[in-house]
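Visitor: The structure is given below, and queries will be raised subsequently.
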Amino acid sequence: MKLVAAPFALMLTIVSALLSFVLSMSEAFLGAVSGLALIAAVVLLVTGQTPGGIAFAAVAFLISPVGLPALAGAIVRGLDSAGGTLRAFIFS
C-alpha cells in the first residue's frame with residue numbers, strides 16, 4: 001500500500017511547492033493592482049459614478065490579499081497537508 005502512495009506523495013509535494021511559488025508571486029502583483037483599483041474606485045465615487053466605483057471597490061477587495069488569494073492559499077496549504085500526511089504514512 002505504501003508503494004502505491006509514494007507517487008501521489010511526490011506529486012502533491014511538487015505541485016504544492018510550485019503553487020506556493022506562483023501564489024507568492026501573484027499576491028505581490030495583485031496587491032499592487034488592488035491598490036490601483038481602489039484608487040480608481042475612490043475617483044469614480046468622487047466624480048459621481050457610483051456603480052462604477054462600487055464595482056471597482058468590489059474588484060479591489062477580491063484581488064486583494066484578503067480576497068481570492070487567501071482562498072488559494074488555503075487550498076495550497078490543504079494540498080501540502082495532504083502530501084505531508086501521505087509522507088508520514090509512507091515513512092511510518
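Letters for chains follow the order of the C-alpha cells (A, B, ...), residue numbers begin at 1 for each chain, and ligand numbers begin at 1 in the order shown.
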Within 9 Å of A:Arg77, counting only C-alpha atoms, which residues show up once you throw out same-chain ones fewer than 5 positions away? Write them as a PDB file with C-alpha atoms, in the first residue's frame, please.
Guide:
ATOM      1  CA  SER A  16       2.183  22.329  -3.656  1.00  0.00           C
ATOM      2  CA  SER A  20       3.106  28.110  -3.377  1.00  0.00           C
ATOM      3  CA  ALA A  72      -5.997  29.982  -2.973  1.00  0.00           C
ATOM      4  CA  ALA A  82      -2.316  16.043   2.288  1.00  0.00           C
TER       5      ALA A  82
END
Visitor: Would you mind telling me which residue in A:Ala17, A:Ala40, A:Ala88, A:Ala57 lies nearest to A:Gly73 when using only C-alpha atoms?
Guide: A:Ala17
Visitor: With distances taken over only C-alpha atoms, which of A:Ile54, A:Leu30, A:Ala9, A:Val15 is nearest to A:Gly67?
Guide: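 Using only C-alpha atoms, the shortest distance to A:Gly67 belongs to A:Leu30.
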Visitor: Could you work out how far atom CA of A:Ile63 lies from atom CA of A:Phe29, giving the answer in Å with one decimal?
Guide: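 The value is 9.6 Å.
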Visitor: Enter the distance from atom CA of A:Ala32 to atom CA of A:Leu68, in Å, rounded to one decimal.
Guide: 14.5 Å
Visitor: Do you know which residues are at most 12 Å from A:Leu10 counting only C-alpha atoms, after dropping those on the same chain fewer than 2 positions away, and could you put them as a PDB file with N, CA and C atoms, in the first residue's frame?
Guide:
ATOM      1  N   LEU A   3       3.720   1.589  -1.373  1.00  0.00           N
ATOM      2  CA  LEU A   3       4.300   1.761  -2.699  1.00  0.00           C
ATOM      3  C   LEU A   3       3.337   2.498  -3.628  1.00  0.00           C
ATOM      4  N   VAL A   4       2.061   2.293  -3.455  1.00  0.00           N
ATOM      5  CA  VAL A   4       1.059   2.978  -4.270  1.00  0.00           C
ATOM      6  C   VAL A   4       0.958   4.455  -3.865  1.00  0.00           C
ATOM      7  N   ALA A   5       1.151   4.752  -2.587  1.00  0.00           N
ATOM      8  CA  ALA A   5       1.001   6.120  -2.094  1.00  0.00           C
ATOM      9  C   ALA A   5       2.205   6.995  -2.429  1.00  0.00           C
ATOM     10  N   ALA A   6       3.366   6.396  -2.687  1.00  0.00           N
ATOM     11  CA  ALA A   6       4.594   7.174  -2.912  1.00  0.00           C
ATOM     12  C   ALA A   6       4.499   8.135  -4.098  1.00  0.00           C
ATOM     13  N   PRO A   7       4.014   7.707  -5.273  1.00  0.00           N
ATOM     14  CA  PRO A   7       3.925   8.674  -6.382  1.00  0.00           C
ATOM     15  C   PRO A   7       2.969   9.828  -6.094  1.00  0.00           C
ATOM     16  N   PHE A   8       1.897   9.541  -5.374  1.00  0.00           N
ATOM     17  CA  PHE A   8       0.954  10.603  -5.039  1.00  0.00           C
ATOM     18  C   PHE A   8       1.566  11.594  -4.055  1.00  0.00           C
ATOM     19  N   LEU A  12       2.052  15.489  -4.927  1.00  0.00           N
ATOM     20  CA  LEU A  12       1.489  16.539  -4.081  1.00  0.00           C
ATOM     21  C   LEU A  12       2.577  17.475  -3.560  1.00  0.00           C
ATOM     22  N   THR A  13       3.751  16.939  -3.270  1.00  0.00           N
ATOM     23  CA  THR A  13       4.853  17.775  -2.798  1.00  0.00           C
ATOM     24  C   THR A  13       5.301  18.743  -3.884  1.00  0.00           C
ATOM     25  N   ILE A  14       5.464  18.246  -5.093  1.00  0.00           N
ATOM     26  CA  ILE A  14       5.912  19.092  -6.206  1.00  0.00           C
ATOM     27  C   ILE A  14       4.851  20.125  -6.569  1.00  0.00           C
ATOM     28  N   VAL A  15       3.606  19.692  -6.647  1.00  0.00           N
ATOM     29  CA  VAL A  15       2.520  20.606  -7.020  1.00  0.00           C
ATOM     30  C   VAL A  15       2.333  21.691  -5.961  1.00  0.00           C
ATOM     31  N   SER A  16       2.382  21.316  -4.694  1.00  0.00           N
ATOM     32  CA  SER A  16       2.183  22.329  -3.656  1.00  0.00           C
ATOM     33  C   SER A  16       3.353  23.312  -3.611  1.00  0.00           C
ATOM     34  N   ALA A  17       4.573  22.854  -3.878  1.00  0.00           N
ATOM     35  CA  ALA A  17       5.714  23.775  -3.915  1.00  0.00           C
ATOM     36  C   ALA A  17       5.585  24.740  -5.096  1.00  0.00           C
ATOM     37  N   LEU A  79      -3.363  21.106   0.155  1.00  0.00           N
ATOM     38  CA  LEU A  79      -2.600  20.159  -0.662  1.00  0.00           C
ATOM     39  C   LEU A  79      -1.286  19.776   0.015  1.00  0.00           C
ATOM     40  N   ASP A  80      -0.621  20.755   0.614  1.00  0.00           N
ATOM     41  CA  ASP A  80       0.629  20.480   1.308  1.00  0.00           C
ATOM     42  C   ASP A  80       0.400  19.580   2.515  1.00  0.00           C
ATOM     43  N   ALA A  82      -2.024  17.387   2.802  1.00  0.00           N
ATOM     44  CA  ALA A  82      -2.316  16.043   2.288  1.00  0.00           C
ATOM     45  C   ALA A  82      -1.025  15.326   1.901  1.00  0.00           C
ATOM     46  N   GLY A  83      -0.095  16.060   1.284  1.00  0.00           N
ATOM     47  CA  GLY A  83       1.193  15.461   0.938  1.00  0.00           C
ATOM     48  C   GLY A  83       1.979  15.069   2.174  1.00  0.00           C
ATOM     49  N   GLY A  84       1.934  15.901   3.211  1.00  0.00           N
ATOM     50  CA  GLY A  84       2.617  15.572   4.458  1.00  0.00           C
ATOM     51  C   GLY A  84       2.019  14.356   5.135  1.00  0.00           C
ATOM     52  N   THR A  85       0.708  14.240   5.067  1.00  0.00           N
ATOM     53  CA  THR A  85       0.051  13.066   5.641  1.00  0.00           C
ATOM     54  C   THR A  85       0.453  11.800   4.901  1.00  0.00           C
ATOM     55  N   LEU A  86       0.509  11.880   3.576  1.00  0.00           N
ATOM     56  CA  LEU A  86       0.948  10.715   2.809  1.00  0.00           C
ATOM     57  C   LEU A  86       2.415  10.366   3.085  1.00  0.00           C
ATOM     58  N   ARG A  87       3.272  11.380   3.218  1.00  0.00           N
ATOM     59  CA  ARG A  87       4.677  11.113   3.535  1.00  0.00           C
ATOM     60  C   ARG A  87       4.807  10.468   4.912  1.00  0.00           C
ATOM     61  N   ILE A  90       3.874   6.869   4.524  1.00  0.00           N
ATOM     62  CA  ILE A  90       4.887   6.085   3.826  1.00  0.00           C
ATOM     63  C   ILE A  90       6.051   5.764   4.745  1.00  0.00           C
TER      64      ILE A  90
END
Visitor: What separation in Å, quoted to one decimal, exists between atom CA of A:Gly35 and atom CA of A:Ala60?
Guide: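 Separation of atom CA of A:Gly35 and atom CA of A:Ala60: 7.0 Å.
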